[in-house]
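Undergrad: Structure file structure37.txt, compact mmCIF, C-alpha atoms and all ligand atoms, is pasted below:
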# COMPACT_ATOMS: atom_id res chain seq x y z
CA MET A 54 67.47 33.58 47.96
CA GLN A 55 66.85 32.23 44.45
CA PRO A 56 65.26 28.75 44.81
CA PRO A 57 67.59 26.07 43.37
CA TYR A 58 64.78 24.39 41.41
CA THR A 59 62.68 25.06 38.31
CA PRO A 60 58.88 25.36 38.31
CA GLU A 61 58.70 21.97 36.56
CA ARG A 62 60.82 20.36 39.28
CA ALA A 63 58.60 21.86 42.02
CA ILE A 64 55.49 20.59 40.26
CA ASP A 65 57.02 17.12 39.79
CA LEU A 66 57.97 16.98 43.47
CA TYR A 67 54.76 18.27 45.01
CA PHE A 68 51.80 18.03 42.61
CA LEU A 69 50.32 14.71 43.74
CA GLU A 70 50.65 15.55 47.42
CA HIS A 71 48.86 18.88 47.02
CA ARG A 72 46.25 17.51 44.63
CA ALA A 73 45.31 15.17 47.49
CA LYS A 74 45.19 18.10 49.94
CA LEU A 75 42.86 19.98 47.58
CA LEU A 76 40.49 17.01 47.57
CA ASP A 77 40.68 16.98 51.39
CA LEU A 78 39.54 20.62 51.44
CA ALA A 79 36.67 19.92 49.04
CA SER A 80 35.43 16.91 50.94
CA PHE A 81 35.72 18.74 54.29
CA ILE A 82 33.37 21.48 53.04
CA ASP A 83 31.00 18.84 51.58
CA ARG A 84 31.03 17.05 54.96
CA VAL A 85 30.04 20.15 56.93
CA GLU A 86 27.31 20.91 54.37
CA ARG A 87 26.00 17.32 54.37
CA ALA A 88 25.48 17.48 58.16
CA ASP A 89 22.77 20.13 57.55
CA PRO A 90 22.26 21.14 53.90
CA LYS A 91 20.02 24.08 54.91
CA ALA A 92 22.46 25.64 57.39
CA ASP A 93 24.51 28.73 56.50
CA LEU A 94 28.07 27.54 55.89
CA ARG A 95 29.38 30.96 56.88
CA ALA A 96 27.60 31.12 60.26
CA ASP A 97 30.68 29.83 62.11
CA PRO A 98 33.54 32.39 61.94
CA ARG A 99 36.00 29.56 61.29
CA MET A 100 34.12 28.48 58.16
CA ALA A 101 33.53 32.06 56.99
CA SER A 102 37.26 32.81 57.13
CA PHE A 103 38.07 29.39 55.64
CA LEU A 104 35.89 30.07 52.59
CA ASP A 105 37.41 33.53 52.16
CA ALA A 106 40.90 32.00 52.42
CA ILE A 107 40.08 29.78 49.45
CA GLU A 108 39.45 32.91 47.40
CA ILE A 109 43.01 34.01 48.21
CA LEU A 110 44.24 30.66 46.84
CA THR A 111 42.59 31.19 43.49
CA GLY A 112 43.73 34.83 43.04
CA ALA A 113 46.73 35.94 40.98
CA ASP A 114 48.51 37.84 43.78
CA SER A 115 51.48 36.19 45.53
CA ALA A 116 52.22 35.84 49.28
CA ARG A 117 49.12 33.65 49.52
CA ALA A 118 50.28 31.87 52.70
CA GLU A 119 51.01 35.15 54.47
CA ARG A 120 47.67 36.67 53.45
CA ILE A 121 45.77 33.58 54.62
CA GLN A 122 47.62 33.75 57.96
CA LEU A 123 46.52 37.39 58.31
CA LEU A 124 42.95 36.47 57.43
CA PHE A 125 42.88 33.91 60.26
CA SER A 126 44.41 36.37 62.79
CA ASP A 127 42.84 38.39 65.58
CA ARG A 128 43.59 41.89 64.26
CA SER A 129 42.80 43.77 67.51
CA ASP A 130 45.67 45.14 69.58
CA GLU A 131 44.36 45.52 73.15
CA LEU A 132 45.26 43.13 75.98
CA LEU A 133 42.32 41.05 77.26
CA ASP A 134 41.17 41.67 80.85
CA VAL A 135 41.28 37.92 81.59
CA ALA A 136 42.55 34.96 79.52
CA PRO A 137 39.48 33.01 78.32
CA GLY A 138 41.00 29.56 78.96
CA LYS A 139 44.23 28.39 77.33
CA GLY A 140 43.22 27.26 73.83
CA ALA A 141 42.82 28.91 70.41
CA ILE A 142 40.29 28.07 67.68
CA GLY A 143 42.36 28.92 64.58
CA ALA A 144 40.33 31.89 63.32
CA ASP A 145 39.31 35.31 64.62
CA PRO A 146 36.25 34.53 66.82
CA ASN A 147 34.84 37.96 65.83
CA TYR A 148 35.45 37.43 62.11
CA ASN A 149 31.77 37.62 61.15
CA ASP A 150 31.30 40.87 63.08
CA THR A 151 34.11 42.69 61.27
CA PRO A 152 33.55 42.17 57.54
CA SER A 153 35.93 44.98 56.62
CA LYS A 154 38.85 42.73 57.59
CA ARG A 155 38.06 40.29 54.83
CA ALA A 156 39.02 42.61 52.02
CA GLU A 157 42.45 43.33 53.55
CA GLY A 158 43.33 39.62 53.60
CA MET B 66 75.81 15.83 59.38
CA ARG B 67 75.68 17.31 62.87
CA TYR B 68 72.63 19.31 63.92
CA ILE B 69 71.30 21.19 66.94
CA ASP B 70 67.62 21.10 67.98
CA PRO B 71 67.35 24.40 69.89
CA HIS B 72 63.82 23.86 71.25
CA ILE B 73 62.62 20.47 72.42
CA HIS B 74 60.86 19.31 75.61
CA MET B 75 62.70 16.10 76.43
CA VAL B 76 61.03 15.72 79.84
CA SER B 77 58.01 14.61 77.77
CA ARG B 78 59.94 12.25 75.48
CA THR B 79 61.33 8.76 75.86
CA THR B 80 64.94 7.62 75.95
CA ASP B 81 64.29 5.97 72.56
CA ASP B 82 63.82 9.50 71.17
CA TYR B 83 67.27 10.51 72.46
CA GLN B 84 68.67 7.46 70.68
CA ARG B 85 66.88 8.25 67.39
CA MET B 86 67.97 11.90 67.54
CA ALA B 87 71.59 10.84 68.14
CA LEU B 88 71.40 8.45 65.17
CA ALA B 89 70.07 11.31 63.01
CA GLY B 90 73.09 13.51 63.93
CA CYS B 91 71.85 15.53 66.90
CA VAL B 92 74.75 16.76 69.04
CA ALA B 93 73.12 19.40 71.23
CA ILE B 94 69.66 20.54 72.33
CA THR B 95 68.10 23.29 74.39
CA GLU B 96 64.98 22.73 76.47
CA PRO B 97 62.82 25.70 77.52
CA ALA B 98 60.62 25.52 80.63
CA PHE B 99 56.98 25.13 79.50
CA TRP B 100 53.45 24.08 80.38
CA ALA B 101 53.39 20.35 81.09
CA GLY B 102 49.82 19.85 79.79
CA PHE B 103 48.37 20.44 83.27
CA ASP B 104 48.64 23.22 85.88
CA ARG B 105 51.08 22.45 88.70
CA SER B 106 49.43 22.55 92.14
CA GLY B 107 52.18 24.63 93.75
CA PRO B 108 55.64 26.18 93.39
CA GLN B 109 57.20 22.92 94.63
CA GLY B 110 56.14 21.37 91.31
CA PHE B 111 58.34 23.92 89.55
CA PHE B 112 61.24 23.34 91.93
CA ASP B 113 61.13 19.67 90.93
CA TYR B 114 60.80 20.59 87.24
CA PHE B 115 63.79 22.96 87.35
CA THR B 116 65.80 20.22 89.08
CA GLN B 117 64.80 17.80 86.31
CA LEU B 118 65.91 20.35 83.64
CA THR B 119 69.27 21.08 85.27
CA LYS B 120 70.22 17.64 86.57
CA THR B 121 68.21 14.68 85.25
CA GLU B 122 67.91 15.58 81.56
CA PRO B 123 71.59 16.52 81.01
CA ALA B 124 72.57 13.07 82.29
CA ARG B 125 69.94 11.30 80.18
CA ALA B 126 71.06 13.17 77.04
CA ALA B 127 74.78 12.63 77.68
CA ALA B 128 74.27 8.87 77.56
CA TYR B 129 73.59 9.37 73.82
CA GLY B 130 76.35 11.92 73.23
CA ILE B 131 73.90 14.85 73.19
CA ARG B 132 74.68 18.09 75.06
CA HIS B 133 71.60 19.25 77.00
CA HIS B 134 70.94 22.89 77.94
CA CYS B 135 67.87 24.59 79.38
CA TRP B 136 65.94 27.82 79.90
CA LEU B 137 63.98 28.65 83.07
CA CYS B 138 60.76 30.61 83.61
CA ILE B 139 57.08 30.44 84.46
CA ASN B 140 55.30 29.81 81.16
CA PRO B 141 52.46 32.12 80.03
CA LYS B 142 49.80 29.40 80.33
CA GLU B 143 50.39 29.33 84.11
CA ALA B 144 50.88 33.10 84.45
CA GLU B 145 47.23 34.15 84.77
CA ASP B 146 47.63 34.17 88.60
CA PRO B 147 50.41 36.73 89.24
CA GLY B 148 50.85 35.77 92.93
CA PHE B 149 51.53 32.16 91.99
CA ALA B 150 53.75 33.18 89.08
CA ARG B 151 55.89 35.38 91.34
CA GLU B 152 56.42 32.53 93.79
CA VAL B 153 57.77 30.42 90.91
CA MET B 154 59.92 33.30 89.65
CA GLY B 155 61.43 33.51 93.14
CA LEU B 156 62.88 30.02 92.64
CA ILE B 157 64.71 30.89 89.41
CA PRO B 158 67.78 32.86 90.65
CA ASP B 159 69.02 29.84 92.64
CA PHE B 160 69.05 27.75 89.46
CA LEU B 161 70.55 30.34 87.09
CA ASP B 162 74.15 29.36 87.85
CA LYS B 163 73.69 25.66 87.06
CA PRO B 164 76.13 24.79 84.27
CA ASN B 165 73.54 23.99 81.56
CA VAL B 166 71.30 27.07 82.00
CA LEU B 167 71.23 29.47 79.03
CA GLY B 168 68.74 32.10 80.16
CA ILE B 169 65.07 32.92 80.68
CA GLY B 170 62.48 31.12 78.53
CA GLU B 171 60.17 30.30 77.02
CA ILE B 172 58.44 33.45 78.24
CA GLY B 173 55.77 35.27 76.24
CA LEU B 174 52.02 35.44 75.88
CA ASN B 175 49.34 32.81 75.28
CA LYS B 176 45.92 34.54 75.15
CA ASN B 177 47.35 38.10 75.22
CA SER B 178 45.86 38.92 78.64
CA LYS B 179 46.80 41.68 81.08
CA ASN B 180 48.15 39.32 83.74
CA GLU B 181 50.23 37.41 81.19
CA MET B 182 51.77 40.77 80.19
CA VAL B 183 52.59 41.76 83.79
CA ILE B 184 54.46 38.49 84.35
CA LEU B 185 56.16 38.73 80.94
CA GLU B 186 57.47 42.21 81.81
CA GLU B 187 58.77 40.99 85.18
CA GLN B 188 60.59 38.07 83.55
CA ILE B 189 62.14 40.35 80.92
CA ALA B 190 63.42 42.43 83.85
CA LEU B 191 64.76 39.26 85.52
CA ALA B 192 66.75 38.40 82.37
CA SER B 193 68.04 41.96 82.21
CA GLN B 194 69.13 41.98 85.89
CA HIS B 195 71.09 38.75 85.41
CA ASP B 196 72.28 39.65 81.88
CA ARG B 197 70.81 36.47 80.37
CA LEU B 198 69.58 35.50 76.91
CA ILE B 199 65.81 35.34 76.35
CA LEU B 200 63.79 32.72 74.48
CA VAL B 201 60.27 33.86 73.61
CA HIS B 202 57.15 31.75 73.04
CA THR B 203 54.62 33.44 70.74
CA PRO B 204 50.92 32.49 70.87
CA HIS B 205 49.38 30.03 68.46
CA LEU B 206 46.92 30.41 65.61
CA GLU B 207 44.70 33.51 65.66
CA ASP B 208 46.55 34.98 68.66
CA LYS B 209 50.05 34.89 67.12
CA LEU B 210 50.06 38.13 65.10
CA LYS B 211 48.81 40.29 67.96
CA GLY B 212 50.91 38.49 70.60
CA THR B 213 54.13 38.76 68.62
CA LYS B 214 53.73 42.54 68.27
CA LEU B 215 52.83 42.99 71.96
CA ILE B 216 55.82 40.88 73.09
CA MET B 217 58.33 42.78 70.93
CA ASP B 218 56.96 46.09 72.25
CA ALA B 219 57.31 44.83 75.85
CA ILE B 220 60.95 43.81 75.31
CA MET B 221 61.85 47.17 73.79
CA ARG B 222 59.96 48.99 76.57
CA ASN B 223 62.37 47.46 79.10
CA GLY B 224 65.06 49.68 77.58
CA SER B 225 68.07 47.51 78.44
CA ILE B 226 67.60 44.47 76.20
CA ASP B 227 69.66 44.00 73.01
CA PRO B 228 67.32 42.35 70.46
CA GLY B 229 70.33 40.35 69.20
CA ARG B 230 70.18 38.47 72.52
CA VAL B 231 66.50 37.52 72.15
CA LEU B 232 65.08 34.72 70.01
CA ILE B 233 61.39 34.98 69.15
CA ASP B 234 60.10 31.48 68.49
CA HIS B 235 57.23 29.95 66.53
CA VAL B 236 57.34 32.59 63.76
CA GLU B 237 55.31 31.87 60.62
CA GLU B 238 54.71 33.56 57.27
CA HIS B 239 52.92 36.57 58.75
CA THR B 240 55.33 37.26 61.64
CA VAL B 241 58.84 36.33 60.48
CA SER B 242 59.68 39.61 58.73
CA MET B 243 58.50 41.90 61.53
CA VAL B 244 60.68 39.95 64.01
CA LEU B 245 63.82 40.02 61.82
CA ASP B 246 63.27 43.67 60.82
CA ARG B 247 63.41 44.69 64.50
CA GLY B 248 66.78 42.97 64.99
CA PHE B 249 65.59 39.90 66.91
CA TRP B 250 66.50 36.31 66.10
CA ALA B 251 63.61 34.12 64.91
CA GLY B 252 62.78 30.43 65.27
CA MET B 253 60.49 28.33 63.11
CA THR B 254 58.83 25.44 64.89
CA LEU B 255 58.10 22.35 62.83
CA TYR B 256 54.94 21.18 64.53
CA PRO B 257 52.30 19.26 62.63
CA ASP B 258 49.03 20.97 63.62
CA THR B 259 49.47 24.47 64.95
CA LYS B 260 52.78 25.73 63.54
CA CYS B 261 54.93 25.09 60.48
CA THR B 262 55.69 22.03 58.31
CA PRO B 263 59.24 21.27 57.04
CA GLN B 264 58.07 22.30 53.54
CA ARG B 265 56.72 25.66 54.68
CA ALA B 266 59.86 26.31 56.74
CA ALA B 267 61.95 25.69 53.60
CA ASP B 268 59.64 28.09 51.71
CA ILE B 269 60.17 30.77 54.38
CA PHE B 270 63.99 30.43 54.11
CA GLU B 271 63.65 30.90 50.36
CA MET B 272 61.58 34.06 50.92
CA VAL B 273 63.46 35.78 53.78
CA GLY B 274 66.94 34.19 53.74
CA THR B 275 68.89 32.42 56.50
CA GLU B 276 70.20 35.34 58.58
CA ARG B 277 69.22 35.15 62.31
CA LEU B 278 66.76 32.33 61.62
CA TRP B 279 66.69 28.72 62.84
CA ILE B 280 64.42 25.67 62.97
CA ASN B 281 63.38 23.50 65.90
CA SER B 282 61.00 20.64 66.61
CA ALA B 283 59.45 21.83 69.91
CA GLY B 284 58.84 18.10 70.42
CA ASP B 285 56.73 17.66 73.56
CA TRP B 286 53.80 15.66 75.00
CA GLY B 287 51.50 16.69 72.10
CA HIS B 288 51.34 15.57 68.47
CA SER B 289 54.94 16.49 67.56
CA ASP B 290 58.05 15.04 65.95
CA PRO B 291 61.47 14.96 67.67
CA LEU B 292 63.05 14.29 64.25
CA ALA B 293 61.48 17.33 62.59
CA VAL B 294 64.83 19.16 62.22
CA PRO B 295 66.58 16.36 60.24
CA LYS B 296 63.38 15.98 58.18
CA CYS B 297 63.53 19.65 57.23
CA ARG B 298 67.21 19.21 56.29
CA ILE B 299 66.20 16.39 53.94
CA GLU B 300 63.47 18.62 52.49
CA MET B 301 66.04 21.37 51.77
CA GLN B 302 68.45 18.82 50.26
CA HIS B 303 65.69 17.40 48.08
CA ARG B 304 65.05 20.87 46.65
CA GLY B 305 68.73 21.31 45.79
CA HIS B 306 69.91 23.61 48.60
CA THR B 307 73.64 23.44 49.36
CA PRO B 308 75.12 21.63 52.38
CA GLU B 309 76.35 25.07 53.57
CA THR B 310 72.81 26.50 53.61
CA ILE B 311 71.46 23.42 55.37
CA SER B 312 74.21 23.56 58.00
CA ARG B 313 73.62 27.29 58.53
CA ILE B 314 69.97 26.86 59.52
CA SER B 315 70.39 23.73 61.64
CA TYR B 316 73.86 24.09 63.19
CA ASP B 317 75.77 27.34 62.57
CA ASN B 318 72.93 29.76 63.39
CA PRO B 319 71.95 28.07 66.68
CA LEU B 320 75.65 27.93 67.60
CA ARG B 321 76.02 31.67 66.96
CA PHE B 322 72.98 32.76 68.98
CA LEU B 323 73.39 30.29 71.85
CA GLY B 324 77.16 30.89 71.99
CA GLN B 325 76.33 34.31 73.49
CA ALA B 326 75.19 32.56 76.70
CA GLY B 327 78.71 31.35 77.59
CA THR B 328 77.28 28.03 78.81
CA PHE B 329 76.43 26.47 75.43
CA SER B 330 78.52 23.74 73.81
CA ALA B 331 78.03 21.44 70.83
CA ASP B 332 81.44 19.78 71.27
CA PRO B 333 81.59 15.98 71.38
CA ILE B 334 81.07 14.52 74.86
CA GLN B 335 84.02 12.46 76.09
CA THR B 336 82.66 9.17 77.40
CA GLY B 337 84.28 6.26 79.20
ZN ZN C 401 58.12 24.94 73.72
Give the structure from this file in structure tokens form.

TA:
Amino acid sequence: MQPPYTPERAIDLYFLEHRAKLLDLASFIDRVERADPKADLRADPRMASFLDAIEILTGADSARAERIQLLFSDRSDELLDVAPGKGAIGADPNYNDTPSKRAEG
Amino acid sequence: MRYIDPHIHMVSRTTDDYQRMALAGCVAITEPAFWAGFDRSGPQGFFDYFTQLTKTEPARAAAYGIRHHCWLCINPKEAEDPGFAREVMGLIPDFLDKPNVLGIGEIGLNKNSKNEMVILEEQIALASQHDRLILVHTPHLEDKLKGTKLIMDAIMRNGSIDPGRVLIDHVEEHTVSMVLDRGFWAGMTLYPDTKCTPQRAADIFEMVGTERLWINSAGDWGHSDPLAVPKCRIEMQHRGHTPETISRISYDNPLRFLGQAGTFSADPIQTG
């Protein structure tokens, strides 16, 4: 469906809110770094995929939200023998072991 | 304007929420059976829960002019022990003929484990045997993509289920198209942390259209918002969408899917 708004209208409606969210992202990364400036930011698979997701944001290709969702997904397709608890962490726990996934987005 | 919230866990909400939802235009809701935030110690806990869903909640909702309906099942978070899950499933047939029951749900997967799949398959078969609608819960976060594919495959493997009688819930940007392309209905859950915001739901409608797609709050005991559906309607209105489009996603579409159950109504409740 054709959106019933112009680009200018969308920017007027949402710019300030998303400018603030961008600053949240920046200060979150600074915060993790400040806790140990010598540590590798990418050591945790959540942060590695997070930093790669930011590259999707800055690219020219569309469907950015969908591609970031795929980046954060477990891309395997076998059932697990046993459920490891009930929770989820928000990123593929094996992200750092499967670098080929990054390029696919 | 009238709206339907087709997925909300009112057992976890206060009567004040019923009042606020009624003030915002809510006329009907459906409540799937789910994980209560803790594991029940025995099947009796589920007997009490199913009684609450079929007796207590409809009366509580009716006091605010809201029609209450429910779905019954053992949820995937308590399905890792198949023996226990089967005892709970044994309770379901006795409740299926209660007047507010729509079908089996919310069944699905949580961590995509083998035992979760066994119990999912048995509950799909239960819905098929009783010719009931199915409401599906898809996993959260990194498990959603894989779980959604595995669940759709399991439903089609059964061989007797019409995808037009199944709603796959909690779809997001990376799963919505695969669900709609296979003929299922899809639900977007407006849940602050792990699912979709009203803005992103509006974006998804703009990308994939409004056919076989609805929104719900999934309001429960966690960080959630029982007014998420009217907030998404305001978001759509703000962007310039027509009243017809807004009614389609929040009233007409739920009415069409749920109407297949034969036990759903959004008609005004006669009081006094
Ligand atoms: Zn739910």

Undergrad: Dump the neighbourhood of ligand ZN 401 (chain C) as JSON, numbers by chain: all residues within 8 Å, distances computed on only C-alpha atoms and all ligand atoms.

TA: {"B": [72, 73, 74, 96, 97, 98, 99, 171, 202, 283, 284, 285]}

Undergrad: Write a file of the selected residues as an mmCIF file, keeping the file's coordinate frame, keeping C-alpha atoms.

TA:
data_model
loop_
_atom_site.group_PDB
_atom_site.id
_atom_site.type_symbol
_atom_site.label_atom_id
_atom_site.label_comp_id
_atom_site.auth_asym_id
_atom_site.auth_seq_id
_atom_site.Cartn_x
_atom_site.Cartn_y
_atom_site.Cartn_z
ATOM 1 C CA HIS B 72 63.820 23.860 71.250
ATOM 2 C CA ILE B 73 62.620 20.470 72.420
ATOM 3 C CA HIS B 74 60.860 19.310 75.610
ATOM 4 C CA GLU B 96 64.980 22.730 76.470
ATOM 5 C CA PRO B 97 62.820 25.700 77.520
ATOM 6 C CA ALA B 98 60.620 25.520 80.630
ATOM 7 C CA PHE B 99 56.980 25.130 79.500
ATOM 8 C CA GLU B 171 60.170 30.300 77.020
ATOM 9 C CA HIS B 202 57.150 31.750 73.040
ATOM 10 C CA ALA B 283 59.450 21.830 69.910
ATOM 11 C CA GLY B 284 58.840 18.100 70.420
ATOM 12 C CA ASP B 285 56.730 17.660 73.560
#

Undergrad: Would you compute an axis-aligned box for region 306-315 of chain B, covering every atom listed for it in the file with 4 Å of margin on each side, and report centre and edge lengths in Å to one decimal as JSON?

TA:
{"center_x": 73.1, "center_y": 24.5, "center_z": 55.1, "size_x": 14.4, "size_y": 13.7, "size_z": 21.0}

Undergrad: As an MDAnalysis selection string, could you give me every residue of chain B near chain A (at most 7 Å apart, counting only C-alpha atoms)?

TA: chainID B and resid 142 176:179 205:208 210:211 238:239 271:272 274 304:306

Undergrad: Near Ser330 (chain B), counting all atoms listed in the file, which residues have an atom at most 8 Å away, once you skip same-chain residues fewer than 5 positions from it, shown as a list in words?

TA: Ala93, Arg132 and Gly324 of chain B

Undergrad: Could you save the residues just selected, with C-alpha atoms, as a compact mmCIF listing (two decimals), in the frame of the given file?

TA:
# COMPACT_ATOMS: atom_id res chain seq x y z
CA ALA B 93 73.12 19.40 71.23
CA ARG B 132 74.68 18.09 75.06
CA GLY B 324 77.16 30.89 71.99

Undergrad: Please indicate the distance in Å from CA of Leu110 (chain A) to CA of Phe68 (chain A), rounded to one decimal place.

TA: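 Separation between CA of Leu110 (chain A) and CA of Phe68 (chain A): 15.3 Å.
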
Undergrad: Within 8 Å of Ile334 (chain B), counting only C-alpha atoms, which residues qualify if same-chain residues fewer than 6 places away don't, as number ranges by chain?

TA: B: 127, 130-132
